[in-house]
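upload_0.json (JSON, C-alpha atoms)
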```
[["chain", "number", "residue", "atom", "x", "y", "z"],
["A", 29, "MET", "CA", -67.82, 29.47, 20.98],
["A", 30, "GLN", "CA", -65.86, 32.58, 21.89],
["A", 31, "PRO", "CA", -67.64, 35.86, 21.06],
["A", 32, "THR", "CA", -65.05, 37.17, 18.57],
["A", 33, "ALA", "CA", -61.85, 36.15, 16.82],
["A", 34, "THR", "CA", -59.08, 38.65, 16.19],
["A", 35, "VAL", "CA", -57.49, 38.76, 12.73],
["A", 36, "LEU", "CA", -54.38, 40.86, 12.13],
["A", 37, "VAL", "CA", -54.11, 42.11, 8.54],
["A", 38, "TYR", "CA", -50.71, 43.34, 7.33],
["A", 39, "SER", "CA", -50.48, 45.26, 4.05],
["A", 40, "ASP", "CA", -49.10, 48.63, 3.06],
["A", 41, "ASN", "CA", -52.01, 48.85, 0.61],
["A", 42, "ALA", "CA", -55.30, 50.06, 2.11],
["A", 43, "SER", "CA", -57.20, 48.51, -0.83],
["A", 44, "THR", "CA", -55.78, 45.06, -0.02],
["A", 45, "ARG", "CA", -56.76, 45.42, 3.62],
["A", 46, "GLU", "CA", -60.26, 46.41, 2.48],
["A", 47, "GLN", "CA", -60.47, 43.35, 0.19],
["A", 48, "VAL", "CA", -59.71, 41.15, 3.21],
["A", 49, "ARG", "CA", -62.38, 42.83, 5.35],
["A", 50, "LEU", "CA", -65.00, 42.61, 2.61],
["A", 51, "ALA", "CA", -64.19, 38.96, 1.80],
["A", 52, "THR", "CA", -64.52, 38.04, 5.47],
["A", 53, "GLY", "CA", -67.67, 39.95, 6.28],
["A", 54, "ARG", "CA", -68.79, 39.66, 9.89],
["A", 55, "ARG", "CA", -67.67, 36.04, 9.99],
["A", 56, "PRO", "CA", -66.08, 33.80, 7.35],
["A", 57, "ALA", "CA", -68.30, 30.79, 8.20],
["A", 58, "ALA", "CA", -71.28, 30.04, 10.40],
["A", 59, "ASP", "CA", -69.31, 27.77, 12.74],
["A", 60, "VAL", "CA", -66.61, 30.31, 13.66],
["A", 61, "PRO", "CA", -66.95, 33.46, 15.75],
["A", 62, "ALA", "CA", -67.43, 36.95, 14.38],
["A", 63, "VAL", "CA", -64.16, 38.62, 13.38],
["A", 64, "GLU", "CA", -62.54, 41.79, 14.65],
["A", 65, "PHE", "CA", -59.68, 43.20, 12.58],
["A", 66, "ILE", "CA", -56.41, 44.79, 13.54],
["A", 67, "GLU", "CA", -54.94, 46.52, 10.50],
["A", 68, "CYS", "CA", -51.20, 47.14, 10.22],
["A", 69, "ALA", "CA", -49.28, 48.85, 7.42],
["A", 70, "THR", "CA", -45.77, 48.36, 8.85],
["A", 71, "LEU", "CA", -43.73, 45.55, 10.36],
["A", 72, "PRO", "CA", -43.19, 47.42, 13.68],
["A", 73, "ALA", "CA", -46.97, 47.72, 14.04],
["A", 74, "VAL", "CA", -47.36, 43.97, 13.40],
["A", 75, "LEU", "CA", -44.73, 43.11, 16.02],
["A", 76, "LYS", "CA", -46.32, 45.47, 18.55],
["A", 77, "GLU", "CA", -49.77, 43.91, 18.09],
["A", 78, "LEU", "CA", -48.45, 40.35, 18.31],
["A", 79, "ASP", "CA", -46.46, 41.24, 21.42],
["A", 80, "ARG", "CA", -49.70, 42.54, 22.94],
["A", 81, "GLY", "CA", -51.31, 39.12, 22.35],
["A", 82, "GLY", "CA", -54.81, 38.00, 21.52],
["A", 83, "VAL", "CA", -54.36, 37.58, 17.76],
["A", 84, "ASP", "CA", -56.00, 34.40, 16.44],
["A", 85, "VAL", "CA", -54.87, 34.53, 12.77],
["A", 86, "CYS", "CA", -52.52, 36.76, 10.76],
["A", 87, "VAL", "CA", -53.23, 37.67, 7.14],
["A", 88, "LEU", "CA", -50.01, 38.88, 5.51],
["A", 89, "ASP", "CA", -49.68, 40.53, 2.11],
["A", 90, "GLY", "CA", -46.82, 38.89, 0.22],
["A", 91, "GLU", "CA", -46.73, 41.92, -2.09],
["A", 92, "ALA", "CA", -46.33, 44.51, 0.70],
["A", 93, "THR", "CA", -43.45, 46.95, 0.53],
["A", 94, "PRO", "CA", -40.84, 47.52, 1.74],
["A", 95, "ILE", "CA", -41.09, 44.23, 3.64],
["A", 96, "GLY", "CA", -43.17, 41.50, 2.01],
["A", 97, "GLY", "CA", -45.47, 39.23, 3.95],
["A", 98, "MET", "CA", -43.48, 36.09, 3.10],
["A", 99, "GLY", "CA", -40.38, 37.42, 4.86],
["A", 100, "VAL", "CA", -42.52, 38.73, 7.70],
["A", 101, "CYS", "CA", -44.14, 35.31, 8.09],
["A", 102, "ARG", "CA", -40.79, 33.54, 8.30],
["A", 103, "GLN", "CA", -39.56, 36.07, 10.85],
["A", 104, "LEU", "CA", -42.70, 35.65, 12.97],
["A", 105, "LYS", "CA", -42.43, 31.86, 12.90],
["A", 106, "ASP", "CA", -38.79, 32.13, 14.03],
["A", 107, "GLU", "CA", -39.29, 34.76, 16.71],
["A", 108, "ILE", "CA", -42.76, 34.43, 18.23],
["A", 109, "PHE", "CA", -43.54, 31.61, 20.63],
["A", 110, "HIS", "CA", -46.90, 30.04, 19.66],
["A", 111, "CYS", "CA", -47.17, 32.26, 16.61],
["A", 112, "PRO", "CA", -50.74, 32.49, 15.32],
["A", 113, "PRO", "CA", -51.44, 30.71, 12.03],
["A", 114, "VAL", "CA", -50.74, 32.75, 8.91],
["A", 115, "LEU", "CA", -52.79, 33.16, 5.74],
["A", 116, "LEU", "CA", -50.52, 34.57, 3.05],
["A", 117, "LEU", "CA", -51.74, 36.68, 0.14],
["A", 118, "MET", "CA", -49.63, 35.94, -2.96],
["A", 119, "GLY", "CA", -49.37, 37.77, -6.25],
["A", 120, "ARG", "CA", -49.15, 34.61, -8.37],
["A", 121, "PRO", "CA", -50.09, 30.95, -7.88],
["A", 122, "GLN", "CA", -46.54, 30.06, -8.95],
["A", 123, "ASP", "CA", -45.32, 31.58, -5.66],
["A", 124, "ALA", "CA", -46.84, 28.74, -3.63],
["A", 125, "TRP", "CA", -43.36, 27.33, -2.99],
["A", 126, "LEU", "CA", -42.43, 30.65, -1.33],
["A", 127, "ALA", "CA", -45.47, 30.35, 0.93],
["A", 128, "THR", "CA", -44.13, 26.95, 1.99],
["A", 129, "TRP", "CA", -40.68, 28.46, 2.58],
["A", 130, "SER", "CA", -42.23, 31.18, 4.74],
["A", 131, "ARG", "CA", -44.03, 28.51, 6.84],
["A", 132, "ALA", "CA", -47.49, 29.97, 6.25],
["A", 133, "GLU", "CA", -50.33, 27.59, 7.07],
["A", 134, "ALA", "CA", -52.37, 28.72, 4.06],
["A", 135, "ALA", "CA", -52.06, 30.90, 0.98],
["A", 136, "VAL", "CA", -54.43, 32.49, -1.54],
["A", 137, "THR", "CA", -53.76, 34.66, -4.56],
["A", 138, "LEU", "CA", -54.49, 38.32, -5.10],
["A", 139, "PRO", "CA", -56.87, 39.83, -5.93],
["A", 140, "VAL", "CA", -58.77, 38.23, -3.08],
["A", 141, "ASP", "CA", -61.43, 35.73, -4.17],
["A", 142, "PRO", "CA", -64.06, 36.06, -1.42],
["A", 143, "VAL", "CA", -65.09, 32.39, -1.34],
["A", 144, "GLU", "CA", -61.54, 30.98, -1.39],
["A", 145, "PHE", "CA", -60.36, 33.53, 1.17],
["A", 146, "ALA", "CA", -63.29, 32.99, 3.57],
["A", 147, "ASN", "CA", -62.85, 29.20, 3.39],
["A", 148, "SER", "CA", -59.12, 29.44, 4.11],
["A", 149, "LEU", "CA", -59.59, 31.90, 6.97],
["A", 150, "ALA", "CA", -62.41, 29.85, 8.52],
["A", 151, "SER", "CA", -60.26, 26.71, 8.39],
["A", 152, "LEU", "CA", -57.39, 28.45, 10.19],
["A", 153, "LEU", "CA", -59.78, 29.87, 12.80],
["A", 154, "ARG", "CA", -61.29, 26.42, 13.42],
["A", 155, "ASP", "CA", -57.82, 24.92, 13.92],
["A", 156, "ARG", "CA", -56.66, 27.77, 16.16],
["A", 157, "LEU", "CA", -59.77, 27.76, 18.31],
["A", 158, "ALA", "CA", -59.67, 23.95, 18.66],
["A", 159, "VAL", "CA", -56.10, 24.19, 19.98],
["A", 160, "GLN", "CA", -57.07, 26.92, 22.46],
["A", 161, "ALA", "CA", -60.06, 24.94, 23.78]]
```

Please go through the file and, once you have read it, give me the structure as C-alpha cells.
Amino acid sequence: MQPTATVLVYSDNASTREQVRLATGRRPAADVPAVEFIECATLPAVLKELDRGGVDVCVLDGEATPIGGMGVCRQLKDEIFHCPPVLLLMGRPQDAWLATWSRAEAAVTLPVDPVEFANSLASLLRDRLAVQA
C-alpha cells in the first residue's frame, strides 16, 4: 500500500473544505492509505495542482461560486488526460442527474455525512489505486 493518497478539495467555502477533512479523518477506511489534502478555492488553483500531477481523487463542491464543481468536473473530464476520479458534493439529492452529466464517479449531498462521504471516498481511492498498481 502506498504511504499516502492525495485528495484535492475544491470549494470557495472554507467550512465545506473543513467538513471534507473532518469526515475523512486520517484515512477514510482501514484498507486505503492515509490522506493528504490539497485545498483549492479557485478553478485556476485546481488546474495548476492537476497539471502538477499526483492527485488521486478530486472532491468538488457543486455549490461553489463563481464556478460550480459540476461544470469544473465536466471541464476536467474533457481536458485532462487520465483525470483522477471525482467525488461531487451536491446541494440536493435531486441534482444526481447533474452529477451524471458532469461525469463524476460519485456524488454525496451537503452537508457532508461523515459515513457516506468516507465510504464514497474510500471506494474511489480503492479503484484509483488498483488501476495504478

Practice problem: Report the distance between atom CA of Ala73 of chain A and atom CA of Glu46 of chain A in Å, rounded to one decimal place. | Solution: 17.7 Å

Quiz prompt | Atom pair atom CA of Leu75 of chain A / atom CA of Leu36 of chain A: separation (Å) | solution = 10.6 Å

Practice problem: Within 12 Å of (-60.1, 39.5, 0.6) (coordinates as in the file), grab all the protein and nucleic acid residues, counting only C-alpha atoms, and write them out as a PyMOL selection string. | Solution: chain A and resi 37+39+42-53+56+87-89+115-118+135-149

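Those DNA, RNA and protein residues that approach the point (-49.4, 31.7, 19.6) to within 9 Å, considering all atoms listed in the file, are Leu78, Gly81, Gly82, Val83, Asp84, Ile108, Phe109, His110, Cys111, Pro112, Pro113 and Arg156 of chain A.
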
Can you tell me, as a compact mmCIF listing (two decimals) with C-alpha atoms, in the frame of the given file, what residues are no more than 10 Å from segment 125-127 of chain A when counting all atoms listed in the file, ignoring any on the same chain fewer than 3 positions away?
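The new file part27.txt reads:
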```txt
# COMPACT_ATOMS: atom_id res chain seq x y z
CA GLY A 90 -46.82 38.89 0.22
CA GLY A 97 -45.47 39.23 3.95
CA MET A 98 -43.48 36.09 3.10
CA GLY A 99 -40.38 37.42 4.86
CA CYS A 101 -44.14 35.31 8.09
CA ARG A 102 -40.79 33.54 8.30
CA VAL A 114 -50.74 32.75 8.91
CA LEU A 115 -52.79 33.16 5.74
CA LEU A 116 -50.52 34.57 3.05
CA LEU A 117 -51.74 36.68 0.14
CA MET A 118 -49.63 35.94 -2.96
CA PRO A 121 -50.09 30.95 -7.88
CA GLN A 122 -46.54 30.06 -8.95
CA SER A 130 -42.23 31.18 4.74
CA ARG A 131 -44.03 28.51 6.84
CA ALA A 132 -47.49 29.97 6.25
CA GLU A 133 -50.33 27.59 7.07
CA ALA A 134 -52.37 28.72 4.06
CA ALA A 135 -52.06 30.90 0.98
CA VAL A 136 -54.43 32.49 -1.54
```

Self-check item: Which residue of A:Glu67, A:Asp40, A:Asp123, A:Asp79 approaches Gly96 of chain A most closely, using only C-alpha atoms
Solution: A:Asp40

Self-check item: For Val63 of chain A: contacts at 8 Å, all atoms listed in the file, fewer than 2 positions along chain excluded, given as an NGL selection string
Solution: :A and (32-35 or 52 or 54-56 or 61 or 65)

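Here atom CA of Ala57 of chain A stands at a distance of 9.8 Å from atom CA of Arg154 of chain A.
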
Report the centre and edge lengths, in Å to one decimal, of an axis-aligned box enclosing every atom of segment 69-80 of chain A listed in the file, padded by 8 Å on each side, as JSON.
```
{"center_x": -46.5, "center_y": 44.6, "center_z": 15.2, "size_x": 22.6, "size_y": 24.5, "size_z": 31.5}
```

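Minimum atom-to-atom distances from A:Ala124, A:Val159, A:Ile66, A:Leu71 to Val100 of chain A were compared using all atoms listed in the file, and the lowest value belongs to A:Leu71.
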
Provide segment 82-93 of chain A rebuilt to all heavy atoms, formatted as an mmCIF file, keeping the file's coordinate frame.
```cif
data_model
loop_
_atom_site.group_PDB
_atom_site.id
_atom_site.type_symbol
_atom_site.label_atom_id
_atom_site.label_comp_id
_atom_site.auth_asym_id
_atom_site.auth_seq_id
_atom_site.Cartn_x
_atom_site.Cartn_y
_atom_site.Cartn_z
ATOM 1 N N GLY A 82 -53.405 38.057 21.853
ATOM 2 C CA GLY A 82 -54.810 38.000 21.520
ATOM 3 C C GLY A 82 -55.134 37.855 20.050
ATOM 4 O O GLY A 82 -56.303 37.838 19.684
ATOM 5 N N VAL A 83 -54.123 37.738 19.189
ATOM 6 C CA VAL A 83 -54.360 37.580 17.760
ATOM 7 C C VAL A 83 -54.589 36.100 17.462
ATOM 8 O O VAL A 83 -53.787 35.252 17.851
ATOM 9 C CB VAL A 83 -53.179 38.128 16.921
ATOM 10 C CG1 VAL A 83 -53.357 37.822 15.449
ATOM 11 C CG2 VAL A 83 -53.017 39.627 17.153
ATOM 12 N N ASP A 84 -55.677 35.794 16.758
ATOM 13 C CA ASP A 84 -56.000 34.400 16.440
ATOM 14 C C ASP A 84 -55.421 33.960 15.090
ATOM 15 O O ASP A 84 -55.016 32.810 14.947
ATOM 16 C CB ASP A 84 -57.512 34.198 16.445
ATOM 17 C CG ASP A 84 -58.081 34.379 17.843
ATOM 18 O OD1 ASP A 84 -57.648 33.642 18.744
ATOM 19 O OD2 ASP A 84 -58.932 35.266 18.026
ATOM 20 N N VAL A 85 -55.402 34.837 14.099
ATOM 21 C CA VAL A 85 -54.870 34.530 12.770
ATOM 22 C C VAL A 85 -54.240 35.804 12.207
ATOM 23 O O VAL A 85 -54.765 36.901 12.415
ATOM 24 C CB VAL A 85 -55.971 34.031 11.804
ATOM 25 C CG1 VAL A 85 -55.436 33.863 10.382
ATOM 26 C CG2 VAL A 85 -56.570 32.721 12.288
ATOM 27 N N CYS A 86 -53.138 35.641 11.479
ATOM 28 C CA CYS A 86 -52.520 36.760 10.760
ATOM 29 C C CYS A 86 -52.755 36.569 9.263
ATOM 30 O O CYS A 86 -52.594 35.465 8.742
ATOM 31 C CB CYS A 86 -51.012 36.794 10.995
ATOM 32 S SG CYS A 86 -50.524 37.116 12.690
ATOM 33 N N VAL A 87 -53.126 37.644 8.593
ATOM 34 C CA VAL A 87 -53.230 37.670 7.140
ATOM 35 C C VAL A 87 -52.142 38.617 6.664
ATOM 36 O O VAL A 87 -52.162 39.806 7.014
ATOM 37 C CB VAL A 87 -54.613 38.158 6.660
ATOM 38 C CG1 VAL A 87 -54.651 38.235 5.143
ATOM 39 C CG2 VAL A 87 -55.711 37.247 7.187
ATOM 40 N N LEU A 88 -51.169 38.087 5.927
ATOM 41 C CA LEU A 88 -50.010 38.880 5.510
ATOM 42 C C LEU A 88 -49.961 39.012 3.999
ATOM 43 O O LEU A 88 -50.084 38.018 3.280
ATOM 44 C CB LEU A 88 -48.715 38.221 6.006
ATOM 45 C CG LEU A 88 -48.634 37.903 7.500
ATOM 46 C CD1 LEU A 88 -47.306 37.216 7.814
ATOM 47 C CD2 LEU A 88 -48.803 39.156 8.341
ATOM 48 N N ASP A 89 -49.756 40.231 3.534
ATOM 49 C CA ASP A 89 -49.680 40.530 2.110
ATOM 50 C C ASP A 89 -48.259 40.260 1.609
ATOM 51 O O ASP A 89 -47.328 40.981 1.962
ATOM 52 C CB ASP A 89 -50.062 41.992 1.875
ATOM 53 C CG ASP A 89 -50.024 42.420 0.424
ATOM 54 O OD1 ASP A 89 -49.731 41.579 -0.452
ATOM 55 O OD2 ASP A 89 -50.296 43.608 0.169
ATOM 56 N N GLY A 90 -48.116 39.238 0.787
ATOM 57 C CA GLY A 90 -46.820 38.890 0.220
ATOM 58 C C GLY A 90 -46.276 39.959 -0.703
ATOM 59 O O GLY A 90 -45.086 39.989 -1.001
ATOM 60 N N GLU A 91 -47.135 40.852 -1.163
ATOM 61 C CA GLU A 91 -46.730 41.920 -2.090
ATOM 62 C C GLU A 91 -46.489 43.246 -1.381
ATOM 63 O O GLU A 91 -46.249 44.262 -2.033
ATOM 64 C CB GLU A 91 -47.815 42.099 -3.161
ATOM 65 C CG GLU A 91 -48.166 40.823 -3.914
ATOM 66 C CD GLU A 91 -46.978 40.238 -4.655
ATOM 67 O OE1 GLU A 91 -46.316 40.974 -5.414
ATOM 68 O OE2 GLU A 91 -46.706 39.034 -4.468
ATOM 69 N N ALA A 92 -46.534 43.267 -0.052
ATOM 70 C CA ALA A 92 -46.330 44.510 0.700
ATOM 71 C C ALA A 92 -44.907 45.022 0.496
ATOM 72 O O ALA A 92 -43.978 44.248 0.260
ATOM 73 C CB ALA A 92 -46.607 44.269 2.182
ATOM 74 N N THR A 93 -44.770 46.339 0.597
ATOM 75 C CA THR A 93 -43.450 46.950 0.530
ATOM 76 C C THR A 93 -43.271 47.853 1.733
ATOM 77 O O THR A 93 -44.248 48.377 2.251
ATOM 78 C CB THR A 93 -43.281 47.777 -0.775
ATOM 79 O OG1 THR A 93 -44.272 48.781 -0.801
ATOM 80 C CG2 THR A 93 -43.363 46.922 -2.006
#
```
